[in-house]
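A.B. asks: For reference, this is structure.cif, and it has mmCIF, C-alpha atoms; chains and numbers go by the auth columns.
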```cif
data_model
loop_
_atom_site.group_PDB
_atom_site.id
_atom_site.type_symbol
_atom_site.label_atom_id
_atom_site.label_comp_id
_atom_site.label_asym_id
_atom_site.label_seq_id
_atom_site.Cartn_x
_atom_site.Cartn_y
_atom_site.Cartn_z
_atom_site.B_iso_or_equiv
_atom_site.auth_seq_id
_atom_site.auth_asym_id
ATOM 1 C CA MET A 1 0.000 0.000 0.000 0.00 953 A
ATOM 2 C CA PRO A 2 1.507 3.339 -1.023 0.00 954 A
ATOM 3 C CA GLN A 3 2.232 5.892 1.682 0.00 955 A
ATOM 4 C CA THR A 4 2.355 9.659 1.325 0.00 956 A
ATOM 5 C CA ARG A 5 5.424 11.310 2.794 0.00 957 A
ATOM 6 C CA ILE A 6 4.714 14.412 4.900 0.00 958 A
ATOM 7 C CA GLY A 7 7.750 16.676 5.300 0.00 959 A
ATOM 8 C CA THR A 8 10.854 17.070 3.163 0.00 960 A
ATOM 9 C CA SER A 9 13.619 16.576 5.745 0.00 961 A
ATOM 10 C CA PRO A 10 15.543 13.306 5.384 0.00 962 A
ATOM 11 C CA THR A 11 15.202 12.648 9.144 0.00 963 A
ATOM 12 C CA ASP A 12 12.062 14.531 10.227 0.00 964 A
ATOM 13 C CA TYR A 13 9.050 13.256 8.322 0.00 965 A
ATOM 14 C CA TRP A 14 5.808 11.288 8.670 0.00 966 A
ATOM 15 C CA LEU A 15 4.210 8.717 6.405 0.00 967 A
ATOM 16 C CA TYR A 16 0.475 8.396 5.844 0.00 968 A
ATOM 17 C CA SER A 17 -1.905 6.008 4.173 0.00 969 A
ATOM 18 C CA PRO A 18 -5.669 5.724 4.641 0.00 970 A
ATOM 19 C CA GLU A 19 -5.273 1.988 5.322 0.00 971 A
ATOM 20 C CA THR A 20 -2.598 2.131 8.044 0.00 972 A
ATOM 21 C CA GLY A 21 -2.865 5.711 9.342 0.00 973 A
ATOM 22 C CA TYR A 22 0.106 7.838 10.344 0.00 974 A
ATOM 23 C CA ASP A 23 3.632 6.504 10.769 0.00 975 A
ATOM 24 C CA VAL A 24 5.616 9.027 12.830 0.00 976 A
ATOM 25 C CA SER A 25 8.389 6.537 13.739 0.00 977 A
ATOM 26 C CA ARG A 26 10.804 8.212 11.302 0.00 978 A
ATOM 27 C CA GLY A 27 12.355 4.965 10.150 0.00 979 A
ATOM 28 C CA ALA A 28 12.798 3.325 13.563 0.00 980 A
ATOM 29 C CA PRO A 29 13.236 -0.459 13.482 0.00 981 A
ATOM 30 C CA ALA A 30 9.899 -2.322 13.644 0.00 982 A
ATOM 31 C CA GLU A 31 10.729 -3.874 17.039 0.00 983 A
ATOM 32 C CA ALA A 32 11.078 -0.325 18.518 0.00 984 A
ATOM 33 C CA THR A 33 7.652 0.832 17.294 0.00 985 A
ATOM 34 C CA ARG A 34 4.077 0.499 18.503 0.00 986 A
ATOM 35 C CA SER A 35 0.750 1.465 16.954 0.00 987 A
ATOM 36 C CA ILE A 36 -1.839 3.349 18.963 0.00 988 A
ATOM 37 C CA ALA A 37 -5.468 3.680 17.891 0.00 989 A
ATOM 38 C CA THR A 38 -6.686 7.300 17.974 0.00 990 A
ATOM 39 C CA HIS A 39 -9.865 9.073 16.935 0.00 991 A
ATOM 40 C CA LYS A 40 -8.048 9.997 13.681 0.00 992 A
ATOM 41 C CA GLY A 41 -6.858 6.457 12.956 0.00 993 A
ATOM 42 C CA ASN A 42 -3.759 4.485 13.913 0.00 994 A
ATOM 43 C CA VAL A 43 -0.478 6.191 14.766 0.00 995 A
ATOM 44 C CA LYS A 44 2.754 4.193 14.588 0.00 996 A
ATOM 45 C CA LEU A 45 5.512 5.692 16.720 0.00 997 A
ATOM 46 C CA ALA A 46 8.992 4.970 18.019 0.00 998 A
ATOM 47 C CA VAL A 47 8.445 4.204 21.697 0.00 999 A
ATOM 48 C CA GLY A 48 11.821 5.398 23.002 0.00 1000 A
ATOM 49 C CA ARG A 49 11.626 8.684 21.087 0.00 1001 A
ATOM 50 C CA SER A 50 7.982 9.559 21.709 0.00 1002 A
ATOM 51 C CA ALA A 51 5.912 11.060 24.500 0.00 1003 A
ATOM 52 C CA LEU A 52 2.346 12.141 25.058 0.00 1004 A
ATOM 53 C CA ILE A 53 2.402 15.737 26.326 0.00 1005 A
ATOM 54 C CA ILE A 54 -0.602 17.088 28.211 0.00 1006 A
ATOM 55 C CA ILE A 55 -0.614 20.819 28.932 0.00 1007 A
ATOM 56 C CA ASP A 56 -2.624 22.936 31.412 0.00 1008 A
ATOM 57 C CA MET A 57 -5.438 20.529 32.304 0.00 1009 A
ATOM 58 C CA GLN A 58 -5.643 22.154 35.740 0.00 1010 A
ATOM 59 C CA ASN A 59 -8.488 23.208 38.022 0.00 1011 A
ATOM 60 C CA ILE A 60 -7.869 26.901 37.304 0.00 1012 A
ATOM 61 C CA PHE A 61 -8.629 26.360 33.627 0.00 1013 A
ATOM 62 C CA LEU A 62 -11.294 23.636 33.775 0.00 1014 A
ATOM 63 C CA HIS A 63 -13.141 23.535 37.088 0.00 1015 A
ATOM 64 C CA PRO A 64 -16.674 24.910 36.542 0.00 1016 A
ATOM 65 C CA GLU A 65 -16.519 26.824 39.857 0.00 1017 A
ATOM 66 C CA ILE A 66 -13.661 28.940 38.466 0.00 1018 A
ATOM 67 C CA ARG A 67 -14.144 28.934 34.722 0.00 1019 A
ATOM 68 C CA GLU A 68 -16.350 27.109 32.283 0.00 1020 A
ATOM 69 C CA HIS A 69 -14.211 25.619 29.552 0.00 1021 A
ATOM 70 C CA LYS A 70 -16.531 23.404 27.512 0.00 1022 A
ATOM 71 C CA ALA A 71 -13.908 22.347 24.952 0.00 1023 A
ATOM 72 C CA GLY A 72 -11.430 21.385 27.674 0.00 1024 A
ATOM 73 C CA LEU A 73 -14.025 19.370 29.566 0.00 1025 A
ATOM 74 C CA ALA A 74 -15.187 17.693 26.351 0.00 1026 A
ATOM 75 C CA ALA A 75 -11.580 16.611 25.681 0.00 1027 A
ATOM 76 C CA MET A 76 -11.289 14.766 29.001 0.00 1028 A
ATOM 77 C CA PRO A 77 -12.428 11.291 27.811 0.00 1029 A
ATOM 78 C CA LYS A 78 -10.063 11.436 24.823 0.00 1030 A
ATOM 79 C CA ILE A 79 -7.177 12.530 27.041 0.00 1031 A
ATOM 80 C CA ILE A 80 -7.851 9.701 29.487 0.00 1032 A
ATOM 81 C CA ASP A 81 -7.975 7.191 26.614 0.00 1033 A
ATOM 82 C CA ALA A 82 -4.754 8.615 25.119 0.00 1034 A
ATOM 83 C CA VAL A 83 -2.940 8.370 28.462 0.00 1035 A
ATOM 84 C CA LYS A 84 -3.999 4.755 28.931 0.00 1036 A
ATOM 85 C CA ALA A 85 -3.097 3.806 25.353 0.00 1037 A
ATOM 86 C CA SER A 86 0.280 5.560 25.599 0.00 1038 A
ATOM 87 C CA ARG A 87 1.172 3.803 28.829 0.00 1039 A
ATOM 88 C CA ALA A 88 0.101 0.439 27.408 0.00 1040 A
ATOM 89 C CA ALA A 89 2.409 1.044 24.425 0.00 1041 A
ATOM 90 C CA GLY A 90 5.325 2.009 26.689 0.00 1042 A
ATOM 91 C CA VAL A 91 5.204 5.706 25.797 0.00 1043 A
ATOM 92 C CA LYS A 92 6.041 8.288 28.485 0.00 1044 A
ATOM 93 C CA VAL A 93 3.285 10.684 29.543 0.00 1045 A
ATOM 94 C CA ILE A 94 4.472 14.211 30.338 0.00 1046 A
ATOM 95 C CA TRP A 95 2.208 16.581 32.282 0.00 1047 A
ATOM 96 C CA VAL A 96 3.204 20.235 31.761 0.00 1048 A
ATOM 97 C CA ASN A 97 1.417 22.567 34.166 0.00 1049 A
ATOM 98 C CA TRP A 98 1.642 25.942 35.833 0.00 1050 A
ATOM 99 C CA GLY A 99 3.306 25.727 39.231 0.00 1051 A
ATOM 100 C CA LEU A 100 5.153 28.946 39.998 0.00 1052 A
ATOM 101 C CA THR A 101 7.550 29.650 42.863 0.00 1053 A
ATOM 102 C CA GLU A 102 8.083 33.038 44.521 0.00 1054 A
ATOM 103 C CA GLU A 103 11.438 33.321 42.749 0.00 1055 A
ATOM 104 C CA GLU A 104 9.818 32.743 39.361 0.00 1056 A
ATOM 105 C CA VAL A 105 7.166 35.394 40.028 0.00 1057 A
ATOM 106 C CA GLU A 106 9.805 37.908 41.149 0.00 1058 A
ATOM 107 C CA SER A 107 11.963 37.330 38.065 0.00 1059 A
ATOM 108 C CA MET A 108 9.099 37.058 35.547 0.00 1060 A
ATOM 109 C CA PRO A 109 9.602 39.268 32.474 0.00 1061 A
ATOM 110 C CA PRO A 110 7.157 42.206 32.351 0.00 1062 A
ATOM 111 C CA GLY A 111 5.660 40.994 29.073 0.00 1063 A
ATOM 112 C CA LEU A 112 4.647 37.708 30.662 0.00 1064 A
ATOM 113 C CA ALA A 113 3.528 39.268 33.959 0.00 1065 A
ATOM 114 C CA ALA A 114 1.297 41.712 32.056 0.00 1066 A
ATOM 115 C CA GLY A 115 -0.677 38.764 30.730 0.00 1067 A
ATOM 116 C CA PHE A 116 -1.666 37.908 34.279 0.00 1068 A
ATOM 117 C CA THR A 117 -2.703 41.433 35.198 0.00 1069 A
ATOM 118 C CA VAL A 118 -6.417 41.816 34.677 0.00 1070 A
ATOM 119 C CA PRO A 119 -8.346 45.010 35.524 0.00 1071 A
ATOM 120 C CA MET A 120 -11.624 44.158 37.261 0.00 1072 A
ATOM 121 C CA PRO A 121 -14.494 46.443 38.242 0.00 1073 A
ATOM 122 C CA SER A 122 -14.374 47.763 41.790 0.00 1074 A
ATOM 123 C CA LYS A 123 -16.994 49.202 44.123 0.00 1075 A
ATOM 124 C CA LEU A 124 -14.642 52.168 44.590 0.00 1076 A
ATOM 125 C CA GLY A 125 -15.178 53.304 41.010 0.00 1077 A
ATOM 126 C CA LYS A 126 -11.623 52.473 39.877 0.00 1078 A
ATOM 127 C CA PRO A 127 -10.697 49.117 38.377 0.00 1079 A
ATOM 128 C CA ARG A 128 -8.784 46.841 40.726 0.00 1080 A
ATOM 129 C CA VAL A 129 -5.865 44.991 39.177 0.00 1081 A
ATOM 130 C CA TYR A 130 -5.716 41.270 39.821 0.00 1082 A
ATOM 131 C CA GLY A 131 -2.523 39.433 39.076 0.00 1083 A
ATOM 132 C CA LEU A 132 -0.293 36.674 40.335 0.00 1084 A
ATOM 133 C CA ASP A 133 -0.714 37.800 43.941 0.00 1085 A
ATOM 134 C CA MET A 134 -4.462 37.061 43.808 0.00 1086 A
ATOM 135 C CA GLU A 135 -5.960 34.407 46.072 0.00 1087 A
ATOM 136 C CA ILE A 136 -8.810 32.416 44.547 0.00 1088 A
ATOM 137 C CA ASN A 137 -11.783 31.887 46.828 0.00 1089 A
ATOM 138 C CA VAL A 138 -14.710 29.897 45.465 0.00 1090 A
ATOM 139 C CA ASP A 139 -17.816 30.105 47.668 0.00 1091 A
ATOM 140 C CA GLY A 140 -15.678 30.119 50.802 0.00 1092 A
ATOM 141 C CA PHE A 141 -13.289 27.437 49.507 0.00 1093 A
ATOM 142 C CA ASP A 142 -9.655 28.555 49.383 0.00 1094 A
ATOM 143 C CA ALA A 143 -8.333 27.501 45.972 0.00 1095 A
ATOM 144 C CA GLY A 144 -4.936 29.067 46.695 0.00 1096 A
ATOM 145 C CA ARG A 145 -2.795 31.725 45.163 0.00 1097 A
ATOM 146 C CA ILE A 146 -3.228 31.882 41.412 0.00 1098 A
ATOM 147 C CA LEU A 147 -0.916 29.558 39.432 0.00 1099 A
ATOM 148 C CA MET A 148 1.413 28.939 42.387 0.00 1100 A
ATOM 149 C CA ARG A 149 2.890 25.502 42.957 0.00 1101 A
ATOM 150 C CA ASP A 150 1.084 23.073 45.289 0.00 1102 A
ATOM 151 C CA GLN A 151 -2.237 24.958 45.304 0.00 1103 A
ATOM 152 C CA TRP A 152 -5.672 23.461 44.604 0.00 1104 A
ATOM 153 C CA ASN A 153 -6.050 25.672 41.509 0.00 1105 A
ATOM 154 C CA THR A 154 -2.877 24.200 39.949 0.00 1106 A
ATOM 155 C CA ARG A 155 -3.792 20.565 40.620 0.00 1107 A
ATOM 156 C CA LEU A 156 -5.047 18.503 37.710 0.00 1108 A
ATOM 157 C CA TYR A 157 -8.774 18.614 37.117 0.00 1109 A
ATOM 158 C CA GLY A 158 -11.066 15.769 38.200 0.00 1110 A
ATOM 159 C CA PRO A 159 -10.064 12.253 37.132 0.00 1111 A
ATOM 160 C CA LEU A 160 -6.758 13.454 35.671 0.00 1112 A
ATOM 161 C CA GLU A 161 -5.368 13.950 39.193 0.00 1113 A
ATOM 162 C CA ALA A 162 -5.829 10.247 40.011 0.00 1114 A
ATOM 163 C CA LEU A 163 -4.536 9.279 36.553 0.00 1115 A
ATOM 164 C CA TRP A 164 -1.348 11.304 37.135 0.00 1116 A
ATOM 165 C CA LYS A 165 -0.811 9.770 40.603 0.00 1117 A
ATOM 166 C CA GLU A 166 -1.218 6.292 39.124 0.00 1118 A
ATOM 167 C CA GLY A 167 1.349 7.008 36.398 0.00 1119 A
ATOM 168 C CA ASN A 168 3.749 8.657 38.821 0.00 1120 A
ATOM 169 C CA ALA A 169 3.638 5.617 41.116 0.00 1121 A
ATOM 170 C CA ALA A 170 4.203 3.298 38.127 0.00 1122 A
ATOM 171 C CA GLY A 171 7.094 5.409 36.811 0.00 1123 A
ATOM 172 C CA THR A 172 5.407 6.007 33.435 0.00 1124 A
ATOM 173 C CA ASP A 173 4.588 9.695 33.924 0.00 1125 A
ATOM 174 C CA VAL A 174 6.638 12.860 34.378 0.00 1126 A
ATOM 175 C CA TRP A 175 5.453 16.192 35.849 0.00 1127 A
ATOM 176 C CA ILE A 176 6.949 19.502 34.709 0.00 1128 A
ATOM 177 C CA ASN A 177 6.116 22.755 36.495 0.00 1129 A
ATOM 178 C CA LYS A 178 6.240 25.534 33.966 0.00 1130 A
ATOM 179 C CA SER A 179 6.766 29.244 34.491 0.00 1131 A
ATOM 180 C CA GLU A 180 6.299 30.370 30.887 0.00 1132 A
ATOM 181 C CA VAL A 181 3.548 30.115 28.298 0.00 1133 A
ATOM 182 C CA VAL A 182 4.078 26.975 26.210 0.00 1134 A
ATOM 183 C CA TYR A 183 3.615 26.961 22.465 0.00 1135 A
ATOM 184 C CA LEU A 184 4.376 23.656 20.777 0.00 1136 A
#
```
Translate the structure of the given file into structure tokens.
C.D. replies:
Amino acid sequence: MPQTRIGTSPTDYWLYSPETGYDVSRGAPAEATRSIATHKGNVKLAVGRSALIIIDMQNIFLHPEIREHKAGLAAMPKIIDAVKASRAAGVKVIWVNWGLTEEEVESMPPGLAAGFTVPMPSKLGKPRVYGLDMEINVDGFDAGRILMRDQWNTRLYGPLEALWKEGNAAGTDVWINKSEVVYL
């Protein structure tokens, strides 16, 4: 069955055919590859050179008490399935999430810090500026300081928290605290 090559680099390319799906193994030996079924078809990958990366699936972005993110919540079953399939294939799962330290806040570039500074209406007539020093309180529940490490708001949302703990205990998952906006 003929495959279409995607990419022109001799070492960085994918192969695709409607019958077999995507091959992103980049020429790895067959014994070092696994196929994973996805909602877009099968994906063949090189286990030792691949990872599933999950970014920002935290309470602050998904929990309905803080923010309603319908697309993020709708993605949950697919993410759970992808994590389980990746682990079964021997692929690392990497969780990349906000988890700032005081030092990171103090040294944050102004351009990044400005993104976290939000003017909000105030009863005093002037807007109040909320930023990284803001505490989140949801109906009397202390969700912690916004985006800071080890706070409820930076924990993974719902069933993902248990999924992460399971993978951490098994040695299949890695957690990365980020202090910058991630664009992959």
A.B. asks: Can you list what the PyMOL selection byres ((chain A and resi 1088) around 9) grabs from this structure, as an mmCIF file with C-alpha atoms, in the frame of the given file?
C.D. replies:
```cif
data_model
loop_
_atom_site.group_PDB
_atom_site.id
_atom_site.type_symbol
_atom_site.label_atom_id
_atom_site.label_comp_id
_atom_site.auth_asym_id
_atom_site.auth_seq_id
_atom_site.Cartn_x
_atom_site.Cartn_y
_atom_site.Cartn_z
ATOM 1 C CA ILE A 1018 -13.661 28.940 38.466
ATOM 2 C CA MET A 1086 -4.462 37.061 43.808
ATOM 3 C CA GLU A 1087 -5.960 34.407 46.072
ATOM 4 C CA ASN A 1089 -11.783 31.887 46.828
ATOM 5 C CA VAL A 1090 -14.710 29.897 45.465
ATOM 6 C CA PHE A 1093 -13.289 27.437 49.507
ATOM 7 C CA ASP A 1094 -9.655 28.555 49.383
ATOM 8 C CA ALA A 1095 -8.333 27.501 45.972
ATOM 9 C CA GLY A 1096 -4.936 29.067 46.695
ATOM 10 C CA ARG A 1097 -2.795 31.725 45.163
ATOM 11 C CA ILE A 1098 -3.228 31.882 41.412
ATOM 12 C CA ASN A 1105 -6.050 25.672 41.509
#
```
A.B. asks: Can you translate the PyMOL selection byres ((chain A and resi 1048) around 6) into the concrete residues it hits in this file, as a list in words?
C.D. replies: Ile1007, Trp1047, Asn1049 and Ile1128 of chain A
A.B. asks: Let me make sure I understand: among A:Thr985, A:Gln955, A:Ser1059, A:Thr990, which one has the smallest atom-to-atom distance to Lys1030 (chain A) if we use only C-alpha atoms?
C.D. replies: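 Nearest to Lys1030 (chain A): A:Thr990.
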A.B. asks: Set up a box along x, y and z of the file covering all listed atoms of region 982-1000 of chain A, add 8 Å on every one of the six sides, and write the centre and edge lengths in Å to one decimal, as lines of an AutoDock Vina configuration file.
C.D. replies:
```
center_x = 1.0
center_y = 3.1
center_z = 18.0
size_x = 37.7
size_y = 29.9
size_z = 26.0
```
A.B. asks: Using CA of Pro1029 (chain A) and CA of Ile1012 (chain A) as the two end points, give the distance in Å to one decimal.
C.D. replies: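 Between these atoms lies a distance of 18.8 Å.
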A.B. asks: Residues near Arg978 (chain A), anyone? I mean within 7 Å using only C-alpha atoms, not counting same-chain ones fewer than 5 positions away, as a list in words.
C.D. replies: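 My list of contacting residues is Thr963, Asp964, Tyr965 and Trp966 of chain A.
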A.B. asks: Rank A:Lys1044, A:Lys1022, A:His1015, A:Lys1130 by their smallest atom-to-atom distance to Leu1108 (chain A), using all atoms listed in the file, and report the top residue only.
C.D. replies: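 Looking at the shortest contact to Leu1108 (chain A), the residue is A:His1015.
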A.B. asks: What gap, in Å, lies between CA of Ala1037 (chain A) and CA of Ala1114 (chain A)?
C.D. replies: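 Computing it gives 16.2 Å between the two atoms.
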A.B. asks: Measuring between only C-alpha atoms, which one of A:Arg1101, A:Arg1001, A:His991, A:Lys1036 shows the shortest distance to Thr1053 (chain A)?
C.D. replies: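 Smallest distance to Thr1053 (chain A) is found for A:Arg1101.
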A.B. asks: Report the distance between CA of Ser1002 (chain A) and CA of Asp1033 (chain A) in Å, rounded to one decimal place.
C.D. replies: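 Taking CA of Ser1002 (chain A) and CA of Asp1033 (chain A), their separation equals 16.9 Å.
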A.B. asks: Convert the output of the PyMOL selection byres ((chain A and resi 987) around 12) on the shown file into explicit residues, formatted as a compact mmCIF listing (two decimals) with C-alpha atoms, in the frame of the given file.
C.D. replies:
```
# COMPACT_ATOMS: atom_id res chain seq x y z
CA THR A 972 -2.60 2.13 8.04
CA GLY A 973 -2.86 5.71 9.34
CA TYR A 974 0.11 7.84 10.34
CA ASP A 975 3.63 6.50 10.77
CA VAL A 976 5.62 9.03 12.83
CA SER A 977 8.39 6.54 13.74
CA ALA A 982 9.90 -2.32 13.64
CA GLU A 983 10.73 -3.87 17.04
CA ALA A 984 11.08 -0.32 18.52
CA THR A 985 7.65 0.83 17.29
CA ARG A 986 4.08 0.50 18.50
CA ILE A 988 -1.84 3.35 18.96
CA ALA A 989 -5.47 3.68 17.89
CA THR A 990 -6.69 7.30 17.97
CA GLY A 993 -6.86 6.46 12.96
CA ASN A 994 -3.76 4.49 13.91
CA VAL A 995 -0.48 6.19 14.77
CA LYS A 996 2.75 4.19 14.59
CA LEU A 997 5.51 5.69 16.72
CA ALA A 998 8.99 4.97 18.02
CA VAL A 999 8.44 4.20 21.70
CA SER A 1002 7.98 9.56 21.71
CA ALA A 1037 -3.10 3.81 25.35
CA SER A 1038 0.28 5.56 25.60
CA ALA A 1040 0.10 0.44 27.41
CA ALA A 1041 2.41 1.04 24.42
CA GLY A 1042 5.32 2.01 26.69
CA VAL A 1043 5.20 5.71 25.80
```
A.B. asks: Given the choices A:Leu1112, A:Val1035, A:Met1060, A:Met953, which gets closest to Asn1011 (chain A) if the distance is worked out from all atoms listed in the file?
C.D. replies: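 Under the stated criterion, the closest residue is A:Leu1112.
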